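File shown here: target19.cif, holding mmCIF, C-alpha atoms (C1' of nucleotides).
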```cif
data_entry
loop_
_atom_site.label_atom_id
_atom_site.label_comp_id
_atom_site.auth_asym_id
_atom_site.auth_seq_id
_atom_site.Cartn_x
_atom_site.Cartn_y
_atom_site.Cartn_z
CA MET A 41 84.08 85.07 118.29
CA ILE A 42 86.32 87.81 119.64
CA SER A 43 84.52 90.76 121.23
CA ILE A 44 85.60 94.30 120.52
CA HIS A 45 87.06 94.50 123.98
CA ASN A 46 89.19 91.42 123.42
CA CYS A 47 90.31 92.77 120.08
CA LYS A 48 91.55 95.93 121.75
CA ASP A 49 93.50 93.91 124.26
CA GLU A 50 94.88 91.71 121.55
CA LEU A 51 96.16 94.72 119.64
CA LYS A 52 97.61 96.23 122.79
CA ASN A 53 99.47 93.01 123.50
CA ILE A 54 101.27 93.20 120.19
CA ASN A 55 101.97 96.94 120.45
CA LEU A 56 99.55 98.07 117.79
CA LYS A 57 97.17 100.96 118.40
CA ALA A 58 93.50 100.04 118.46
CA THR A 59 92.18 102.24 115.66
CA PRO A 60 88.64 101.93 114.30
CA ALA A 61 89.95 100.62 110.99
CA ARG A 62 91.97 97.87 112.64
CA LEU A 63 89.14 96.79 114.93
CA ALA A 64 86.80 96.66 111.96
CA VAL A 65 89.24 94.61 109.91
CA LEU A 66 89.63 92.13 112.76
CA ASN A 67 85.88 91.93 113.08
CA ILE A 68 85.47 91.30 109.35
CA LEU A 69 88.11 88.57 109.31
CA GLU A 70 86.60 86.97 112.40
CA LYS A 71 83.24 86.67 110.71
CA SER A 72 84.50 85.47 107.33
CA VAL A 73 84.45 81.77 106.52
CA THR A 74 87.04 82.18 103.75
CA PRO A 75 90.31 84.07 103.56
CA LEU A 76 89.73 87.56 102.12
CA ASP A 77 91.81 89.71 99.79
CA ILE A 78 92.39 93.45 100.15
CA SER A 79 89.51 94.45 97.86
CA HIS A 80 87.12 92.23 99.81
CA ILE A 81 88.19 93.86 103.04
CA PHE A 82 87.98 97.31 101.49
CA SER A 83 84.39 96.89 100.36
CA LEU A 84 83.30 95.28 103.62
CA LEU A 85 84.80 98.24 105.47
CA ASN A 86 82.88 100.54 103.16
CA LYS A 87 79.65 98.70 103.92
CA LYS A 88 80.30 99.37 107.59
CA GLY A 89 80.52 103.06 106.73
CA LEU A 90 84.23 103.08 107.40
CA LYS A 91 86.03 105.06 104.70
CA THR A 92 89.61 104.06 104.31
CA ASP A 93 92.33 103.45 101.79
CA PHE A 94 94.04 100.53 100.09
CA ALA A 95 97.43 101.61 101.41
CA THR A 96 96.11 101.56 104.97
CA ILE A 97 94.63 98.09 104.58
CA PHE A 98 97.83 96.75 103.07
CA ARG A 99 99.79 98.27 105.94
CA THR A 100 97.31 96.89 108.46
CA MET A 101 97.47 93.39 107.04
CA ASN A 102 101.25 93.51 106.93
CA SER A 103 101.43 94.51 110.59
CA PHE A 104 98.90 91.88 111.61
CA THR A 105 100.73 89.19 109.68
CA GLU A 106 104.14 90.25 111.01
CA LYS A 107 102.81 90.00 114.54
CA GLY A 108 101.21 86.65 113.87
CA LEU A 109 97.65 87.87 114.32
CA THR A 110 96.73 86.94 110.76
CA LYS A 111 98.05 84.59 108.13
CA GLN A 112 98.72 85.43 104.50
CA ILE A 113 97.30 82.84 102.13
CA ASN A 114 98.35 82.39 98.55
CA LEU A 115 95.87 80.72 96.21
CA ASN A 116 97.72 81.45 92.96
CA GLU A 117 95.44 84.34 92.15
CA GLY A 118 98.18 86.92 91.76
CA LYS A 119 97.20 88.52 95.03
CA ALA A 120 97.24 87.67 98.72
CA ARG A 121 94.37 86.67 100.95
CA TYR A 122 94.30 86.90 104.73
CA GLU A 123 92.68 84.99 107.57
CA ILE A 124 92.87 85.08 111.36
CA SER A 125 95.65 82.89 112.73
CA ARG A 126 94.17 80.19 114.88
CA ASN A 127 96.07 77.38 116.51
CA ASP A 128 94.55 74.79 114.23
CA ASN A 129 96.76 74.32 111.23
CA HIS A 130 94.14 73.96 108.54
CA HIS A 131 94.36 74.00 104.76
CA HIS A 132 92.08 74.72 101.81
CA LEU A 133 90.23 73.01 98.99
CA ILE A 134 89.99 75.50 96.12
CA CYS A 135 87.56 74.78 93.30
CA GLN A 136 89.14 75.63 89.95
CA ASN A 137 85.71 76.07 88.41
CA CYS A 138 83.71 78.26 90.78
CA GLY A 139 86.50 79.47 93.07
CA SER A 140 84.83 78.26 96.25
CA ILE A 141 87.12 77.66 99.20
CA GLU A 142 86.54 74.96 101.78
CA ASP A 143 88.62 74.21 104.87
CA ILE A 144 90.19 70.90 105.77
CA SER A 145 90.28 71.10 109.50
CA ASP A 146 93.11 68.78 110.42
CA CYS A 147 96.65 69.00 109.17
CA PRO A 148 98.29 65.69 108.50
CA ILE A 149 101.72 67.12 107.80
CA ASP A 150 103.11 67.24 111.32
CA ALA A 151 104.51 63.73 111.29
CA LEU A 152 106.03 64.34 107.90
CA GLU A 153 107.65 67.54 109.13
CA LYS A 154 109.55 65.71 111.83
CA GLU A 155 110.85 63.25 109.28
CA ILE A 156 111.98 66.03 106.94
CA GLN A 157 113.65 67.97 109.75
CA GLU A 158 115.73 64.93 110.65
CA LYS A 159 116.55 63.81 107.14
CA LYS A 160 117.29 67.20 105.67
CA LYS A 161 118.50 69.10 108.76
CA PHE A 162 116.10 71.83 107.73
CA ILE A 163 114.19 73.57 110.53
CA ILE A 164 110.59 73.98 109.38
CA LYS A 165 108.88 77.11 110.67
CA THR A 166 105.73 76.89 108.60
CA HIS A 167 104.29 75.25 105.53
CA SER A 168 101.65 75.86 102.93
CA LEU A 169 99.39 73.18 101.54
CA GLU A 170 96.53 73.82 99.16
CA PHE A 171 94.45 71.44 97.07
CA PHE A 172 93.05 72.54 93.70
CA GLY A 173 90.30 70.72 91.90
CA LEU A 174 86.54 70.50 91.56
CA CYS A 175 84.07 70.96 94.38
CA LYS A 176 80.96 68.82 94.72
CA ASN A 177 78.82 71.26 92.73
CA CYS A 178 81.20 71.59 89.80
CA GLN A 179 81.76 67.93 88.98
CA SER A 180 79.19 67.58 86.21
CA MET B 240 118.81 65.85 80.12
CA ILE B 241 116.74 66.60 77.02
CA SER B 242 118.72 67.18 73.82
CA ILE B 243 117.84 70.01 71.46
CA HIS B 244 116.39 67.49 69.08
CA ASN B 245 114.06 66.07 71.72
CA CYS B 246 113.05 69.58 72.72
CA LYS B 247 111.98 70.28 69.17
CA ASP B 248 109.91 67.14 69.09
CA GLU B 249 108.42 67.91 72.44
CA LEU B 250 107.31 71.34 71.23
CA LYS B 251 105.94 69.88 68.02
CA ASN B 252 103.92 67.37 70.02
CA ILE B 253 102.13 70.11 71.87
CA ASN B 254 101.64 72.27 68.76
CA LEU B 255 104.12 74.98 69.64
CA LYS B 256 106.65 76.24 67.12
CA ALA B 257 110.25 75.49 67.97
CA THR B 258 111.66 79.01 68.05
CA PRO B 259 115.19 79.76 69.29
CA ALA B 260 113.81 81.56 72.32
CA ARG B 261 111.65 78.62 73.34
CA LEU B 262 114.41 76.08 72.86
CA ALA B 263 116.75 78.23 74.92
CA VAL B 264 114.20 78.61 77.72
CA LEU B 265 113.69 74.85 77.82
CA ASN B 266 117.42 74.35 77.94
CA ILE B 267 117.80 76.83 80.78
CA LEU B 268 115.02 75.24 82.82
CA GLU B 269 116.46 71.77 82.17
CA LYS B 270 119.80 72.80 83.62
CA SER B 271 118.49 74.72 86.61
CA VAL B 272 118.35 73.01 89.98
CA THR B 273 115.78 75.50 91.34
CA PRO B 274 112.60 76.94 89.85
CA LEU B 275 113.35 80.23 88.07
CA ASP B 276 111.39 83.46 87.77
CA ILE B 277 111.00 85.54 84.62
CA SER B 278 113.93 87.87 85.40
CA HIS B 279 116.19 84.89 85.99
CA ILE B 280 115.20 83.43 82.66
CA PHE B 281 115.59 86.80 80.95
CA SER B 282 119.17 87.30 82.12
CA LEU B 283 120.16 83.72 81.37
CA LEU B 284 118.81 84.20 77.85
CA ASN B 285 120.86 87.38 77.59
CA LYS B 286 124.00 85.53 78.69
CA LYS B 287 123.39 83.13 75.84
CA GLY B 288 123.35 86.12 73.50
CA LEU B 289 119.65 85.73 72.90
CA LYS B 290 117.95 89.09 73.00
CA THR B 291 114.30 88.89 73.86
CA ASP B 292 111.55 90.55 75.77
CA PHE B 293 109.70 90.10 79.06
CA ALA B 294 106.37 89.85 77.25
CA THR B 295 107.69 87.02 75.13
CA ILE B 296 109.00 85.11 78.11
CA PHE B 297 105.71 85.54 79.99
CA ARG B 298 103.85 84.32 76.94
CA THR B 299 106.25 81.42 76.51
CA MET B 300 105.91 80.34 80.12
CA ASN B 301 102.14 80.62 79.95
CA SER B 302 102.02 78.39 76.87
CA PHE B 303 104.43 75.87 78.38
CA THR B 304 102.46 75.74 81.61
CA GLU B 305 99.10 75.48 79.83
CA LYS B 306 100.42 72.55 77.83
CA GLY B 307 101.84 70.91 80.93
CA LEU B 308 105.46 71.21 79.84
CA THR B 309 106.34 73.35 82.84
CA LYS B 310 104.91 73.97 86.28
CA GLN B 311 104.28 77.32 87.89
CA ILE B 312 105.57 77.48 91.45
CA ASN B 313 104.50 80.02 94.03
CA LEU B 314 106.89 80.70 96.87
CA ASN B 315 105.09 83.74 98.31
CA GLU B 316 107.50 86.12 96.63
CA GLY B 317 104.86 88.10 94.78
CA LYS B 318 105.91 86.54 91.50
CA ALA B 319 105.86 83.16 89.85
CA ARG B 320 108.68 80.71 89.32
CA TYR B 321 108.76 77.94 86.75
CA GLU B 322 110.27 74.48 86.53
CA ILE B 323 110.11 71.60 84.06
CA SER B 324 107.18 69.26 84.80
CA ARG B 325 108.51 65.86 85.63
CA ASN B 326 106.43 62.92 86.71
CA ASP B 327 107.80 63.01 90.24
CA ASN B 328 105.57 65.12 92.43
CA HIS B 329 108.21 66.86 94.48
CA HIS B 330 108.05 69.84 96.82
CA HIS B 331 110.40 72.47 98.16
CA LEU B 332 112.20 73.52 101.31
CA ILE B 333 112.61 77.31 101.18
CA CYS B 334 115.05 78.96 103.58
CA GLN B 335 113.55 82.15 105.00
CA ASN B 336 117.02 83.49 105.72
CA CYS B 337 119.10 82.95 102.56
CA GLY B 338 116.33 82.04 100.12
CA SER B 339 117.90 78.75 99.10
CA ILE B 340 115.53 76.16 97.66
CA GLU B 341 115.96 72.44 98.16
CA ASP B 342 113.81 69.65 96.74
CA ILE B 343 112.07 66.92 98.70
CA SER B 344 111.93 64.15 96.20
CA ASP B 345 108.97 62.13 97.35
CA CYS B 346 105.46 63.39 97.85
CA PRO B 347 103.64 61.91 100.81
CA ILE B 348 100.31 63.49 100.05
CA ASP B 349 98.87 60.92 97.70
CA ALA B 350 97.33 58.75 100.43
CA LEU B 351 95.91 61.84 102.08
CA GLU B 352 94.38 62.97 98.79
CA LYS B 353 92.35 59.81 98.48
CA GLU B 354 91.01 60.30 101.97
CA ILE B 355 90.04 63.90 101.27
CA GLN B 356 88.38 63.02 97.98
CA GLU B 357 86.18 60.51 99.73
CA LYS B 358 85.39 62.54 102.81
CA LYS B 359 84.81 65.86 101.09
CA LYS B 360 83.60 64.70 97.66
CA PHE B 361 86.13 67.13 96.20
CA ILE B 362 88.05 65.96 93.12
CA ILE B 363 91.67 66.96 93.59
CA LYS B 364 93.47 67.85 90.38
CA THR B 365 96.67 69.18 91.90
CA HIS B 366 98.11 70.46 95.13
CA SER B 367 100.83 72.76 96.34
CA LEU B 368 102.99 72.03 99.36
CA GLU B 369 105.94 74.14 100.42
CA PHE B 370 107.94 74.21 103.62
CA PHE B 371 109.44 77.44 104.92
CA GLY B 372 112.15 77.59 107.57
CA LEU B 373 115.91 77.58 108.03
CA CYS B 374 118.37 75.59 105.96
CA LYS B 375 121.36 73.86 107.50
CA ASN B 376 123.63 76.86 106.90
CA CYS B 377 121.30 79.43 108.44
CA GLN B 378 120.61 77.77 111.78
CA SER B 379 123.23 79.59 113.86
"C1'" DT C 52 91.84 115.71 131.83
"C1'" DT C 53 95.09 117.30 129.07
"C1'" DG C 54 99.18 117.70 126.31
"C1'" DA C 55 103.04 115.49 123.99
"C1'" DC C 56 104.75 112.08 121.13
"C1'" DA C 57 104.85 108.04 118.61
"C1'" DA C 58 102.28 105.69 115.56
"C1'" DA C 59 98.46 105.42 112.05
"C1'" DT C 60 96.07 107.43 108.19
"C1'" DG C 61 95.01 109.39 103.58
"C1'" DC C 62 96.48 110.78 99.38
"C1'" DA C 63 99.31 110.69 95.45
"C1'" DA C 64 102.88 108.80 93.14
"C1'" DA C 65 105.99 105.02 92.36
"C1'" DC C 66 107.12 100.22 91.65
"C1'" DT C 67 106.75 95.49 90.11
"C1'" DA C 68 104.58 91.59 87.96
"C1'" DC C 69 102.05 90.62 84.33
"C1'" DT C 70 98.99 91.36 80.05
"C1'" DT C 71 97.51 93.15 75.62
"C1'" DG C 72 97.31 95.34 70.90
"C1'" DC C 73 99.44 95.70 66.86
"C1'" DA C 74 102.73 95.64 63.20
"C1'" DT C 75 106.57 92.83 61.74
"C1'" DA C 76 109.15 88.61 61.45
"C1'" DT C 77 109.58 83.64 61.46
"C1'" DA C 78 108.65 78.46 61.61
"C1'" DC C 79 106.28 75.12 59.35
"C1'" DT C 80 103.24 72.83 55.73
"C1'" DA C 81 101.94 71.88 51.29
"C1'" DT D 135 109.60 77.98 47.95
"C1'" DA D 136 105.53 80.56 48.89
"C1'" DG D 137 101.59 81.13 52.02
"C1'" DT D 138 99.83 81.17 56.46
"C1'" DA D 139 99.28 80.67 61.13
"C1'" DT D 140 101.89 81.67 64.92
"C1'" DA D 141 105.60 84.04 67.58
"C1'" DT D 142 108.07 88.19 68.53
"C1'" DG D 143 109.21 93.00 69.92
"C1'" DC D 144 107.79 97.20 71.35
"C1'" DA D 145 104.91 100.24 73.77
"C1'" DA D 146 101.24 101.04 76.51
"C1'" DG D 147 98.00 99.37 79.96
"C1'" DT D 148 96.36 96.94 84.27
"C1'" DA D 149 96.48 95.18 88.95
"C1'" DG D 150 98.59 94.41 93.29
"C1'" DT D 151 101.46 96.38 96.50
"C1'" DT D 152 104.70 99.89 98.53
"C1'" DT D 153 106.42 104.41 99.84
"C1'" DG D 154 106.89 109.46 101.06
"C1'" DC D 155 104.96 112.98 103.35
"C1'" DA D 156 101.85 115.96 105.65
"C1'" DT D 157 98.04 115.48 108.81
"C1'" DT D 158 95.40 113.09 112.30
"C1'" DT D 159 94.68 110.14 116.22
"C1'" DG D 160 95.47 106.76 120.10
"C1'" DT D 161 97.94 106.29 124.28
"C1'" DC D 162 100.36 107.31 128.36
"C1'" DA D 163 102.28 110.19 131.79
"C1'" DA D 164 101.77 114.26 134.37
#
```
Represent the structure contained in this file as structure tokens.
Amino acid sequence: MISIHNCKDELKNINLKATPARLAVLNILEKSVTPLDISHIFSLLNKKGLKTDFATIFRTMNSFTEKGLTKQINLNEGKARYEISRNDNHHHLICQNCGSIEDISDCPIDALEKEIQEKKKFIIKTHSLEFFGLCKNCQS
Amino acid sequence: MISIHNCKDELKNINLKATPARLAVLNILEKSVTPLDISHIFSLLNKKGLKTDFATIFRTMNSFTEKGLTKQINLNEGKARYEISRNDNHHHLICQNCGSIEDISDCPIDALEKEIQEKKKFIIKTHSLEFFGLCKNCQS
DNA sequence: TTGACAAATGCAAACTACTTGCATATACTA
DNA sequence: TAGTATATGCAAGTAGTTTGCATTTGTCAA
């Protein structure tokens, strides 16, 4: 868990001003077990008593993602979700029935990446890998 | 390559009427080496002298994808692309500089899927896997 | 501590991808 | 060949995201 002080430093390091909205967004993402979309973040900010604006959140998330502080996740919902970038390269199990999202903690793609880089002469910067199906509860 | 006759049969099999627009879309997707978005398809239809409508193409692609005739591909562009469903489970190398898209013909995830299904008790129906980076031409 | 300046915010409006309602046209079946 | 279910075209609507601009706020140097 990142303390508010650390968050401030983190923002300073990437040349972003530590505004209340940004600190609150970081805090919200830190606490969340699933990637959140803009509306989620908006209403959680509201709950904290922080009035803000969709445009601001979009801009915030774009800055964070540009700077590598967060990751944009695409779950084929027609909108983006965001999560804190950690150094584990994890992926998601998305239930097509109830929409629950579970993490898979280890990424097995690294070996494969090396192979592809050599074979295809394509330098891989990042990858996305998501599994869609039925979670334990929805398999009846 | 699927002939027009086979296309008609294929549509009949999945209970869709073989309209000129649909046959032309299938033909376009058959010939394309990359997944196409709706605007691509629209202008290629126009080139063929076939006047149609974005709504129609969206509806067409939704039907095709529902019936499993095509696959919807998400390359984090804020819009969907489509390609013919084939029985190979291939993935894409997307160049972040020039936007070129290359196929990787074999999918190495199958073994991993089994492992995940057992460990997590999650039934995997499908997965998405895309690699983003720099193609051979953009590595200077 | 303060004042200046760059950067962030809030609001409204614009933009893009996609969907829907409805009247008309068309493919297919009997 | 006529009847019917389905597809189309058009226009309007919705949702996610971006942008312009005037105002506010964080930060840094004096």
Superposition RMSD [C-alpha atoms, order-paired], chain A onto chain B: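 Root-mean-square deviation of the C-alpha atoms: 0.1 Å.
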Residues of chain C within 9 Å of chain A, counting all atoms listed in the file, as a PyMOL selection string: chain C and resi 58-62+68
Shell around range 105-117 of chain A at 8 Å using all atoms listed in the file, local window under 6 positions removed, as a list in words: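 My list of contacting residues is Ile54, Pro75, Glu123, Ile124, Ser125, Ile134 and Glu170 of chain A; Asn313 and Asn315 of chain B.
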Each residue of chain D lying at most 12 Å from chain B should get a row with its shortest atom-to-atom pair and the distance in Å to one decimal, counting all atoms listed in the file; could you produce that, ordered by chain and increasing number, as a tab-separated table?
```
residue	atom	partner	partner_atom	distance
D:DA139	C1'	B:Lys256	CA	10.5
D:DT140	C1'	B:Lys256	CA	7.5
D:DA141	C1'	B:Lys256	CA	7.9
D:DT142	C1'	B:Thr295	CA	6.7
D:DG143	C1'	B:Asp292	CA	6.8
D:DC144	C1'	B:Asp292	CA	8.8
D:DA145	C1'	B:Ala294	CA	11.1
D:DG150	C1'	B:Gly317	CA	9.0
D:DT151	C1'	B:Gly317	CA	9.1
```
Test item: the PyMOL selection byres ((chain A and resi 69) around 12) resolved as JSON, numbers by chain: {"A": [41, 42, 47, 62, 63, 64, 65, 66, 67, 68, 70, 71, 72, 73, 74, 75, 76, 77, 78, 80, 81, 82, 84, 85, 101, 104, 109, 110, 111, 121, 122, 123, 124, 125, 126]}
Between CA of Asp342 in chain B and CA of Lys159 in chain A - distance in Å to one decimal: 12.2 Å
The PyMOL selection byres ((chain A) within 6 of (chain B)) applied to the shown file, residues as a PDB file with C-alpha atoms, in the coordinates of the input:
```
ATOM      1  CA  LYS A 161     118.500  69.100 108.760  1.00  0.00           C
ATOM      2  CA  PHE A 162     116.100  71.830 107.730  1.00  0.00           C
ATOM      3  CA  ILE A 163     114.190  73.570 110.530  1.00  0.00           C
ATOM      4  CA  ILE A 164     110.590  73.980 109.380  1.00  0.00           C
ATOM      5  CA  LYS A 165     108.880  77.110 110.670  1.00  0.00           C
ATOM      6  CA  THR A 166     105.730  76.890 108.600  1.00  0.00           C
ATOM      7  CA  HIS A 167     104.290  75.250 105.530  1.00  0.00           C
ATOM      8  CA  SER A 168     101.650  75.860 102.930  1.00  0.00           C
ATOM      9  CA  LEU A 169      99.390  73.180 101.540  1.00  0.00           C
ATOM     10  CA  GLU A 170      96.530  73.820  99.160  1.00  0.00           C
ATOM     11  CA  PHE A 171      94.450  71.440  97.070  1.00  0.00           C
ATOM     12  CA  PHE A 172      93.050  72.540  93.700  1.00  0.00           C
ATOM     13  CA  GLY A 173      90.300  70.720  91.900  1.00  0.00           C
ATOM     14  CA  LEU A 174      86.540  70.500  91.560  1.00  0.00           C
ATOM     15  CA  CYS A 175      84.070  70.960  94.380  1.00  0.00           C
ATOM     16  CA  LYS A 176      80.960  68.820  94.720  1.00  0.00           C
TER      17      LYS A 176
END
```
C1' of DA136 in chain D to CA of Asn252 in chain B, straight-line distance in Å: 25.0 Å
Between C1' of DT53 in chain C and C1' of DT161 in chain D, distance in Å (one decimal):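 Distance between the two atoms: 12.3 Å.
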Reference answer for the PyMOL selection byres ((chain D and resi 146) around 9), as a PyMOL selection string: (chain C and resi 71-72) or (chain D and resi 145+147)
